[in-house]
$ cat data_6.csv   # CSV, C-alpha atoms
chain,number,residue,atom,x,y,z
A,655,MET,CA,108.6,-174.8,111.7
A,656,ARG,CA,110.6,-173.0,114.3
A,657,THR,CA,110.4,-169.3,115.2
A,658,PHE,CA,113.2,-166.9,115.7
A,659,ARG,CA,114.2,-163.9,117.8
A,660,CYS,CA,114.9,-160.3,116.8
A,661,VAL,CA,117.8,-158.4,118.5
A,662,CYS,CA,115.1,-156.5,120.4
A,663,GLY,CA,113.9,-159.8,121.9
A,664,ALA,CA,110.6,-160.0,120.0
A,665,ARG,CA,109.6,-163.4,118.5
A,666,LEU,CA,109.8,-163.6,114.7
A,667,PHE,CA,107.7,-165.8,112.6
A,668,PHE,CA,108.9,-167.5,109.4
A,669,GLU,CA,106.9,-165.3,107.0
A,670,ASN,CA,107.7,-161.9,108.7
A,671,HIS,CA,109.6,-159.4,106.6
A,672,ARG,CA,109.7,-156.8,109.4
A,673,CYS,CA,109.8,-157.1,113.2
A,674,LEU,CA,106.4,-156.1,114.6
A,675,ALA,CA,108.0,-154.7,117.7
A,676,CYS,CA,111.1,-152.6,116.6
A,677,LYS,CA,110.2,-152.4,112.9
A,678,ARG,CA,113.6,-153.6,111.7
A,679,GLU,CA,113.5,-155.2,108.2
A,680,LEU,CA,114.2,-158.9,108.2
A,681,GLY,CA,115.6,-161.5,105.8
A,682,PHE,CA,115.8,-165.3,105.9
A,683,LEU,CA,119.1,-167.0,105.4
A,684,PRO,CA,118.3,-170.5,104.1
A,685,ASN,CA,121.8,-171.8,104.5
A,686,VAL,CA,122.0,-171.1,108.3
A,687,PRO,CA,118.9,-171.2,108.7
A,688,ALA,CA,117.8,-168.1,110.5
A,689,LEU,CA,115.5,-165.1,110.1
A,690,VAL,CA,117.5,-162.0,111.0
A,691,PRO,CA,117.3,-158.2,111.2
A,692,LEU,CA,119.1,-156.6,108.2
A,693,ASP,CA,121.7,-153.9,108.7
A,694,PRO,CA,122.0,-151.9,105.4
A,695,ARG,CA,125.4,-151.5,103.8
A,696,ASP,CA,126.5,-149.9,100.5
A,697,GLY,CA,125.5,-151.4,97.2
A,698,GLY,CA,122.3,-153.0,98.3
A,699,ARG,CA,124.0,-155.3,100.7
A,700,PHE,CA,123.1,-156.1,104.3
A,701,SER,CA,125.2,-157.1,107.2
A,702,THR,CA,124.1,-160.2,109.3
A,703,PRO,CA,125.9,-162.2,112.0
A,704,TRP,CA,126.7,-164.7,109.2
A,705,GLY,CA,128.2,-162.2,106.8
A,706,ASP,CA,126.9,-159.9,104.1
A,707,TYR,CA,123.8,-160.8,102.1
A,708,SER,CA,121.7,-159.3,99.3
A,709,LYS,CA,117.9,-159.6,98.9
A,710,CYS,CA,116.5,-162.0,96.5
A,711,THR,CA,115.3,-160.2,93.3
A,712,ASN,CA,111.7,-161.3,94.1
A,713,TYR,CA,112.1,-159.6,97.5
A,714,VAL,CA,113.2,-156.3,95.9
A,715,ASP,CA,111.1,-156.2,92.8
A,716,ALA,CA,108.0,-158.2,93.5
A,717,GLY,CA,107.6,-158.3,97.2
A,718,VAL,CA,106.7,-162.0,97.2
A,719,CYS,CA,109.9,-163.3,99.0
A,720,THR,CA,111.8,-162.7,102.2
A,721,TRP,CA,114.9,-164.8,101.5
A,722,MET,CA,118.5,-163.7,101.0
A,723,VAL,CA,121.4,-164.6,98.8
A,724,PRO,CA,125.1,-164.5,100.0
A,725,ALA,CA,126.6,-161.2,98.7
A,726,SER,CA,129.5,-163.2,97.3
A,727,SER,CA,127.2,-165.2,95.1
A,728,SER,CA,126.6,-164.4,91.4
A,729,LYS,CA,123.0,-165.5,91.8
A,730,THR,CA,120.2,-162.9,92.2
A,731,LEU,CA,117.4,-165.2,93.1
A,732,CYS,CA,117.3,-167.1,96.4
A,733,GLN,CA,117.3,-170.9,96.7
A,734,ALA,CA,113.5,-171.2,96.7
A,735,CYS,CA,112.9,-168.7,93.8
A,736,ARG,CA,115.5,-170.3,91.6
A,737,LEU,CA,113.3,-173.4,91.5
A,738,ASN,CA,110.7,-171.4,89.5
A,739,HIS,CA,110.5,-172.2,85.8
A,740,VAL,CA,107.3,-170.3,85.0
A,741,ILE,CA,105.7,-167.6,87.2
A,742,PRO,CA,102.2,-166.1,86.8
A,743,ASP,CA,101.3,-163.2,84.5
A,744,LEU,CA,101.9,-160.2,86.7
A,745,SER,CA,100.1,-157.8,84.4
A,746,ARG,CA,97.0,-159.1,86.1
A,747,PRO,CA,97.1,-157.4,89.6
A,748,GLU,CA,95.3,-160.1,91.4
A,749,ASN,CA,98.0,-162.6,90.4
A,750,ARG,CA,100.7,-161.0,92.4
A,751,LEU,CA,98.8,-161.5,95.7
A,752,LEU,CA,98.0,-165.1,94.8
A,753,TRP,CA,101.6,-165.7,93.8
A,754,ALA,CA,102.8,-164.4,97.1
A,755,GLU,CA,100.6,-167.0,98.8
A,756,VAL,CA,102.1,-169.7,96.6
A,757,GLU,CA,105.6,-168.6,97.4
A,758,LYS,CA,104.9,-168.7,101.1
A,759,ALA,CA,103.9,-172.3,100.9
A,760,LYS,CA,106.9,-173.2,98.7
A,761,ARG,CA,109.4,-171.6,101.0
A,762,ARG,CA,108.0,-173.7,103.9
A,763,VAL,CA,108.5,-176.9,101.8
A,764,VAL,CA,112.0,-175.9,100.8
A,765,TYR,CA,112.9,-175.2,104.5
A,766,THR,CA,111.7,-178.6,105.5
A,767,LEU,CA,113.5,-180.4,102.7
A,768,ASN,CA,116.7,-178.6,103.7
A,769,GLN,CA,116.2,-179.6,107.3
A,770,LEU,CA,115.8,-183.2,106.2
A,771,ARG,CA,119.0,-182.9,104.0
A,772,LEU,CA,117.2,-184.1,100.9
A,773,PRO,CA,118.7,-183.5,97.4
A,774,LEU,CA,117.3,-180.2,96.1
A,775,GLN,CA,118.6,-178.6,93.0
A,776,SER,CA,116.9,-176.6,90.3
A,777,LYS,CA,116.6,-177.9,86.7
A,778,GLN,CA,118.9,-175.1,85.7
A,779,GLU,CA,121.6,-176.6,88.0
A,780,ASP,CA,120.8,-180.2,87.1
A,781,PRO,CA,118.5,-180.6,84.0
A,782,GLN,CA,118.2,-184.4,84.4
A,783,ARG,CA,117.6,-184.8,88.1
A,784,GLY,CA,116.6,-181.3,89.3
A,785,ILE,CA,113.2,-179.9,90.2
A,786,ALA,CA,111.3,-176.9,88.8
A,787,PHE,CA,107.9,-175.3,89.3
A,788,ASP,CA,105.5,-173.9,86.7
A,789,ILE,CA,103.0,-171.7,88.5
A,790,LYS,CA,100.2,-170.9,86.1
A,791,SER,CA,96.7,-169.5,86.0
A,792,ASP,CA,93.7,-170.6,83.9
A,793,VAL,CA,93.1,-168.8,80.7
A,794,GLY,CA,89.5,-168.8,79.5
A,795,SER,CA,88.4,-172.4,79.3
A,796,MET,CA,91.9,-173.7,79.4
A,797,ARG,CA,92.4,-175.1,83.0
A,798,VAL,CA,95.8,-175.6,84.5
A,799,LEU,CA,96.1,-179.1,86.0
A,800,THR,CA,98.3,-179.5,89.0
A,801,GLY,CA,100.7,-182.4,88.6
A,802,HIS,CA,104.3,-183.7,88.3
A,803,ASP,CA,106.3,-184.8,85.2
A,804,ASP,CA,109.9,-185.8,85.5
A,805,GLY,CA,110.8,-183.1,88.1
A,806,LEU,CA,108.6,-180.4,86.6
A,807,ILE,CA,105.7,-179.5,89.0
A,808,THR,CA,102.8,-177.5,87.7
A,809,LEU,CA,100.5,-175.7,90.2
A,810,ASN,CA,97.3,-173.9,89.4
A,811,LEU,CA,97.5,-170.4,90.8
A,812,ALA,CA,93.7,-170.6,91.7
A,813,GLU,CA,94.6,-173.0,94.5
A,814,ALA,CA,96.1,-170.0,96.4
A,815,ASP,CA,92.6,-168.4,96.5
A,816,ALA,CA,91.0,-169.8,99.7
A,817,ALA,CA,87.4,-169.6,98.4
A,818,GLU,CA,88.3,-171.3,95.1
A,819,ARG,CA,90.3,-174.0,97.0
A,820,GLU,CA,87.4,-174.7,99.3
A,821,LYS,CA,85.0,-175.1,96.3
A,822,MET,CA,87.4,-177.7,94.9
A,823,ARG,CA,87.8,-179.4,98.3
A,824,VAL,CA,84.0,-179.8,98.5
A,825,ALA,CA,83.6,-180.8,94.9
A,826,MET,CA,86.3,-183.5,95.2
A,827,ASN,CA,84.9,-184.7,98.5
A,828,GLU,CA,88.3,-184.1,100.3
A,829,ARG,CA,88.7,-183.7,104.0
A,830,TYR,CA,91.9,-181.6,103.6
A,831,ARG,CA,93.1,-179.4,100.8
A,832,THR,CA,95.8,-176.7,101.2
A,833,MET,CA,98.4,-175.0,99.0
A,834,LEU,CA,101.1,-176.4,101.3
A,835,GLY,CA,99.6,-179.8,101.0
A,836,HIS,CA,99.8,-179.6,97.2
A,837,PHE,CA,103.5,-178.7,97.3
A,838,ARG,CA,104.2,-181.6,99.7
A,839,HIS,CA,102.3,-184.1,97.6
A,840,GLU,CA,103.9,-183.1,94.3
A,841,VAL,CA,107.4,-183.1,95.7
A,842,GLY,CA,106.5,-186.6,96.9
A,843,HIS,CA,106.2,-187.7,93.3
A,844,TYR,CA,109.6,-186.1,92.6
A,845,TYR,CA,111.3,-187.9,95.5
A,846,TRP,CA,109.8,-191.2,94.4
A,847,GLU,CA,111.8,-190.8,91.2
A,848,ARG,CA,114.9,-189.7,93.1
A,849,LEU,CA,114.9,-192.2,96.0
A,850,VAL,CA,112.8,-195.2,94.8
A,851,ARG,CA,112.7,-195.7,91.0
A,852,ASP,CA,115.5,-197.9,89.7
A,853,THR,CA,117.0,-198.4,93.2
A,854,PRO,CA,116.9,-201.4,95.6
A,855,ASN,CA,114.2,-199.4,97.5
A,856,VAL,CA,111.6,-200.4,94.9
A,857,ALA,CA,111.1,-203.9,96.2
A,858,ARG,CA,110.0,-202.7,99.6
A,859,PHE,CA,107.9,-200.0,97.9
A,860,ARG,CA,106.0,-202.5,95.9
A,861,PHE,CA,105.4,-204.7,99.0
A,862,LEU,CA,103.9,-201.7,100.9
A,863,PHE,CA,102.3,-199.6,98.1
A,864,GLY,CA,101.7,-202.0,95.2
A,865,ASP,CA,102.9,-202.4,91.7
A,866,GLU,CA,103.4,-198.9,90.1
A,867,THR,CA,103.6,-200.4,86.6
A,868,VAL,CA,99.8,-200.8,86.5
A,869,ASP,CA,98.2,-198.4,84.0
A,870,TYR,CA,98.1,-195.0,85.7
A,871,ALA,CA,95.4,-193.4,83.5
A,872,GLN,CA,93.1,-196.4,83.9
A,873,ALA,CA,93.6,-196.4,87.7
A,874,LEU,CA,92.6,-192.7,87.9
A,875,LYS,CA,89.6,-193.3,85.7
A,876,ARG,CA,88.5,-196.1,88.0
A,877,TYR,CA,89.1,-194.0,91.1
A,878,TYR,CA,86.9,-191.1,89.9
A,879,ALA,CA,84.2,-193.4,88.6
A,880,THR,CA,83.7,-195.2,91.9
A,881,GLU,CA,82.9,-194.3,95.5
A,882,PRO,CA,85.8,-194.7,98.0
A,883,SER,CA,85.8,-197.9,100.0
A,884,PRO,CA,84.4,-197.3,103.5
A,885,ASP,CA,87.4,-199.1,105.0
A,886,TYR,CA,90.0,-197.2,102.9
A,887,ALA,CA,91.7,-195.9,106.2
A,888,GLU,CA,92.8,-199.4,107.0
A,889,SER,CA,95.4,-199.2,104.2
A,890,PHE,CA,95.6,-195.6,103.0
A,891,ILE,CA,96.1,-192.2,104.6
A,892,SER,CA,93.5,-190.6,102.2
A,893,THR,CA,90.9,-191.8,99.7
A,894,TYR,CA,93.1,-190.4,96.9
A,895,ALA,CA,96.0,-192.5,98.0
A,896,ALA,CA,94.0,-195.6,97.0
A,897,ALA,CA,94.0,-194.4,93.3
A,898,HIS,CA,97.4,-195.7,92.4
A,899,PRO,CA,100.7,-196.7,94.2
A,900,TRP,CA,102.3,-193.4,92.9
A,901,GLU,CA,99.5,-191.4,94.5
A,902,ASP,CA,99.7,-193.5,97.7
A,903,PHE,CA,103.4,-192.7,98.0
A,904,ALA,CA,102.9,-189.0,97.3
A,905,GLU,CA,100.1,-188.7,99.8
A,906,THR,CA,102.2,-190.6,102.4
A,907,PHE,CA,105.3,-188.5,101.7
A,908,ALA,CA,103.3,-185.3,102.1
A,909,HIS,CA,101.9,-186.6,105.4
A,910,TYR,CA,105.4,-187.3,106.6
A,911,LEU,CA,106.3,-183.7,105.9
A,912,HIS,CA,103.2,-182.6,107.8
A,913,MET,CA,104.5,-184.6,110.8
A,914,VAL,CA,108.0,-183.3,110.7
A,915,ASP,CA,107.1,-179.6,110.3
A,916,THR,CA,104.3,-179.7,112.9
A,917,THR,CA,106.3,-181.5,115.5
A,918,GLU,CA,109.2,-179.0,115.0
A,919,THR,CA,106.7,-176.2,115.7
A,920,ALA,CA,105.5,-178.0,118.9
A,921,HIS,CA,109.1,-178.3,120.1
A,922,ASP,CA,109.8,-174.7,119.4
A,923,PHE,CA,106.9,-173.6,121.6
A,924,ASN,CA,108.1,-176.0,124.3
A,925,LEU,CA,105.0,-178.3,124.2
A,926,GLN,CA,105.7,-181.3,126.4
A,927,TYR,CA,106.5,-184.1,123.9
A,928,GLU,CA,109.6,-186.2,124.1
A,929,ALA,CA,110.4,-187.2,120.5
A,930,THR,CA,113.0,-185.2,118.5
A,931,MET,CA,113.3,-184.2,114.9
A,932,PRO,CA,113.8,-187.5,113.0
A,933,LYS,CA,117.3,-187.9,111.5
A,934,ASP,CA,117.4,-191.6,110.7
A,935,GLY,CA,115.2,-194.7,110.9
A,936,SER,CA,115.8,-195.4,114.6
A,937,ASP,CA,113.3,-193.0,116.3
A,938,PHE,CA,110.2,-193.4,114.1
A,939,GLU,CA,108.3,-195.1,116.9
A,940,SER,CA,108.9,-192.1,119.2
A,941,LEU,CA,107.8,-189.7,116.4
A,942,MET,CA,104.6,-191.7,116.0
A,943,LYS,CA,103.9,-191.6,119.7
A,944,GLU,CA,104.4,-187.9,119.8
A,945,TRP,CA,102.3,-187.4,116.7
A,946,THR,CA,99.4,-189.2,118.1
A,947,GLU,CA,99.3,-187.1,121.3
A,948,LEU,CA,99.9,-183.9,119.4
A,949,THR,CA,97.1,-184.4,116.9
A,950,ILE,CA,94.7,-185.3,119.6
A,951,ALA,CA,95.5,-182.0,121.3
A,952,LEU,CA,95.3,-180.1,117.9
A,953,ASN,CA,91.8,-181.5,117.3
A,954,GLU,CA,90.6,-180.7,120.8
A,955,LEU,CA,91.9,-177.1,120.6
A,956,ASN,CA,90.0,-176.6,117.3
A,957,ARG,CA,86.8,-178.1,118.9
A,958,SER,CA,87.2,-175.7,121.8
A,959,MET,CA,86.9,-172.9,119.2
A,960,GLY,CA,84.0,-174.5,117.4
A,961,LEU,CA,86.2,-175.4,114.4
A,962,ALA,CA,86.6,-178.5,112.3
A,963,ASP,CA,89.3,-180.9,113.3
A,964,ALA,CA,92.8,-179.7,112.3
A,965,TYR,CA,93.8,-183.3,111.8
A,966,PRO,CA,91.1,-185.4,110.0
A,967,PHE,CA,93.2,-188.5,109.4
A,968,THR,CA,93.6,-192.0,110.9
A,969,ILE,CA,97.0,-193.7,110.9
A,970,SER,CA,96.4,-197.5,110.8
A,971,ARG,CA,99.1,-200.1,111.3
A,972,ARG,CA,99.5,-200.4,107.5
A,973,VAL,CA,99.7,-196.6,107.0
A,974,GLY,CA,102.3,-196.5,109.8
A,975,GLU,CA,104.4,-199.0,108.0
A,976,LYS,CA,104.3,-196.8,104.9
A,977,LEU,CA,105.3,-193.7,106.8
A,978,ALA,CA,108.1,-195.6,108.4
A,979,TYR,CA,109.3,-196.5,104.9
A,980,VAL,CA,109.3,-192.8,103.9
A,981,HIS,CA,111.2,-192.0,107.1
A,982,THR,CA,113.9,-194.6,106.3
A,983,LEU,CA,114.2,-193.3,102.8
A,984,VAL,CA,114.7,-189.7,104.0
A,985,GLY,CA,117.2,-190.8,106.6
A,986,GLY,CA,119.2,-192.8,104.0
A,987,ALA,CA,119.3,-190.0,101.4
A,988,ASN,CA,122.4,-188.5,103.2
A,989,VAL,CA,122.7,-185.6,100.8
A,990,VAL,CA,123.3,-182.1,102.3
A,991,ALA,CA,121.2,-179.6,100.4
A,992,ASP,CA,122.9,-176.7,98.7
A,993,ALA,CA,121.1,-173.8,100.3
A,994,VAL,CA,123.4,-171.1,98.9

$ encode --input "data_6.csv" --output "structure tokens"
Amino acid sequence: MRTFRCVCGARLFFENHRCLACKRELGFLPNVPALVPLDPRDGGRFSTPWGDYSKCTNYVDAGVCTWMVPASSSKTLCQACRLNHVIPDLSRPENRLLWAEVEKAKRRVVYTLNQLRLPLQSKQEDPQRGIAFDIKSDVGSMRVLTGHDDGLITLNLAEADAAEREKMRVAMNERYRTMLGHFRHEVGHYYWERLVRDTPNVARFRFLFGDETVDYAQALKRYYATEPSPDYAESFISTYAAAHPWEDFAETFAHYLHMVDTTETAHDFNLQYEATMPKDGSDFESLMKEWTELTIALNELNRSMGLADAYPFTISRRVGEKLAYVHTLVGGANVVADAV
């Protein structure tokens, strides 16, 4: 994720809604992309160097968004908010704060998918091949299960609560669990359907990840009933990736997005790495070399602060082949996202 500059010269961060130096109000233009100061005009419009824009309704009414919509558009929600199918019950005050955290993570994912030029339309725009999010909270003993079903991604609002998420991480014996990671994993399932299923790419997928036609429910049952193999890292990026080929792909896809976003941040801060943002399958080796050096530095920085490793993963040769496959898929998608 890159940073931006205010007209006053101050650095602006992706989630900022106001410049901390000059106090100008800010808005993010997803189709540029840029985070810019807003110059008010009549009728709720704002002038920017890229034309007039209006605030997303969720920016104005709910305060959970910072994105803008072209003033010429008939839409009132920004690109990211239009992907929502169900939002939390806002009559519960605590839900608004948690929802804001969910939307922060979702906007980061949408930004990266746009940068990678992956197809990204809402189910309203494309009911058959679009994507939508149900963001729900538990009601009594009825627990919301995070998951994906034919482009509809359900997320449990409780995952936005850091304390609750940490409880789940420990209970599930996971080394890494974040809201952003959930989004990246679940959109991985979505892109498996868009880029792999019923395409020539499925043959290579089965060679690397296995046969996805094996019974999914039984595979998960076995996974939760047994201890992870001590040598899982030779073939899988995480223990959960070993549960089923679909989960292996989703975990690998999520990891690829981790790599892309984090290396972009490193470049933005002029850290001394040579690889560039991947655009096709030709530079994956450079990306991997950079990633290795960068994650070593990340872990050492955390250790210097007495914190756990920021990057608790190992990329084996086999996992590297899977990541290269995802990289090639992304490079071959060749669809410019509609970020209007």

$ closest_residue --input "data_6.csv" --among "A:Arg699, A:Arg750, A:Arg762, A:Arg972" --to "Phe667 in chain A" --atoms "all atoms listed in the file"
A:Arg762

$ atom_distance --input "data_6.csv" --atom1 "CA of Arg672 in chain A" --atom2 "CA of Met833 in chain A"
23.8 Å

$ residues_around --input "data_6.csv" --residues "Ser776 in chain A" --least-positions-apart "3" --cutoff "9 Å" --atoms "only C-alpha atoms" --output "ChimeraX atom specification"
/A:733,736-739,779-781,783-786

$ residues_around --input "data_6.csv" --residues "Leu874 in chain A" --least-positions-apart "5" --cutoff "9 Å" --atoms "all atoms listed in the file" --output "number ranges by chain"
A: 869, 879, 897-898

$ write_last_selection --input "data_6.csv" --atoms "C-alpha atoms" --output "mmCIF file, in the coordinates of the input"
data_model
loop_
_atom_site.group_PDB
_atom_site.id
_atom_site.type_symbol
_atom_site.label_atom_id
_atom_site.label_comp_id
_atom_site.auth_asym_id
_atom_site.auth_seq_id
_atom_site.Cartn_x
_atom_site.Cartn_y
_atom_site.Cartn_z
ATOM 1 C CA ASP A 869 98.200 -198.400 84.000
ATOM 2 C CA ALA A 879 84.200 -193.400 88.600
ATOM 3 C CA ALA A 897 94.000 -194.400 93.300
ATOM 4 C CA HIS A 898 97.400 -195.700 92.400
#

$ closest_residue --input "data_6.csv" --among "A:Val740, A:Pro966, A:Thr657, A:Ala664" --to "Ala688 in chain A" --atoms "all atoms listed in the file"
A:Thr657

$ atom_distance --input "data_6.csv" --atom1 "CA of Leu809 in chain A" --atom2 "CA of Ser791 in chain A"
8.4 Å

$ atom_distance --input "data_6.csv" --atom1 "CA of Gly697 in chain A" --atom2 "CA of Lys709 in chain A"
11.3 Å

$ build_atoms --input "data_6.csv" --residues "range 686-709 of chain A" --atoms "N, CA and C atoms" --output "compact mmCIF listing (two decimals), keeping the file's coordinate frame"
# COMPACT_ATOMS: atom_id res chain seq x y z
N VAL A 686 121.58 -171.05 106.85
CA VAL A 686 122.00 -171.10 108.30
C VAL A 686 121.21 -172.13 109.06
N PRO A 687 119.88 -172.21 109.12
CA PRO A 687 118.90 -171.20 108.70
C PRO A 687 118.53 -170.29 109.80
N ALA A 688 118.23 -169.04 109.44
CA ALA A 688 117.80 -168.10 110.50
C ALA A 688 117.13 -166.89 109.80
N LEU A 689 116.18 -166.33 110.54
CA LEU A 689 115.50 -165.10 110.10
C LEU A 689 116.12 -163.99 110.98
N VAL A 690 116.73 -163.01 110.31
CA VAL A 690 117.50 -162.00 111.00
C VAL A 690 117.22 -160.60 110.63
N PRO A 691 117.45 -159.63 111.54
CA PRO A 691 117.30 -158.20 111.20
C PRO A 691 118.44 -157.87 110.16
N LEU A 692 118.13 -156.96 109.24
CA LEU A 692 119.10 -156.60 108.20
C LEU A 692 119.69 -155.22 108.51
N ASP A 693 121.00 -155.16 108.50
CA ASP A 693 121.70 -153.90 108.70
C ASP A 693 122.26 -153.43 107.38
N PRO A 694 121.66 -152.36 106.80
CA PRO A 694 122.00 -151.90 105.40
C PRO A 694 123.49 -151.54 105.31
N ARG A 695 124.09 -151.93 104.18
CA ARG A 695 125.40 -151.50 103.80
C ARG A 695 125.34 -150.92 102.39
N ASP A 696 126.46 -150.50 101.86
CA ASP A 696 126.50 -149.90 100.50
C ASP A 696 126.21 -150.99 99.46
N GLY A 697 125.73 -150.53 98.31
CA GLY A 697 125.50 -151.40 97.20
C GLY A 697 124.43 -152.42 97.32
N GLY A 698 123.42 -152.12 98.14
CA GLY A 698 122.30 -153.00 98.30
C GLY A 698 122.60 -154.25 99.12
N ARG A 699 123.69 -154.21 99.86
CA ARG A 699 124.00 -155.30 100.70
C ARG A 699 123.58 -155.08 102.15
N PHE A 700 123.50 -156.18 102.90
CA PHE A 700 123.10 -156.10 104.30
C PHE A 700 123.98 -156.95 105.14
N SER A 701 124.32 -156.42 106.29
CA SER A 701 125.20 -157.10 107.20
C SER A 701 124.33 -158.01 108.15
N THR A 702 124.79 -159.24 108.37
CA THR A 702 124.10 -160.20 109.30
C THR A 702 125.22 -160.82 110.14
N PRO A 703 124.85 -161.50 111.21
CA PRO A 703 125.90 -162.20 112.00
C PRO A 703 126.59 -163.30 111.21
N TRP A 704 126.06 -163.69 110.04
CA TRP A 704 126.70 -164.70 109.20
C TRP A 704 127.29 -164.14 107.93
N GLY A 705 127.60 -162.87 107.96
CA GLY A 705 128.20 -162.20 106.80
C GLY A 705 127.25 -161.36 106.04
N ASP A 706 127.71 -160.84 104.89
CA ASP A 706 126.90 -159.90 104.10
C ASP A 706 126.01 -160.72 103.12
N TYR A 707 124.78 -160.22 102.98
CA TYR A 707 123.80 -160.80 102.10
C TYR A 707 123.13 -159.76 101.24
N SER A 708 122.54 -160.20 100.12
CA SER A 708 121.70 -159.30 99.30
C SER A 708 120.30 -159.94 99.26
N LYS A 709 119.31 -159.09 99.02
CA LYS A 709 117.90 -159.60 98.90
C LYS A 709 117.73 -160.33 97.62
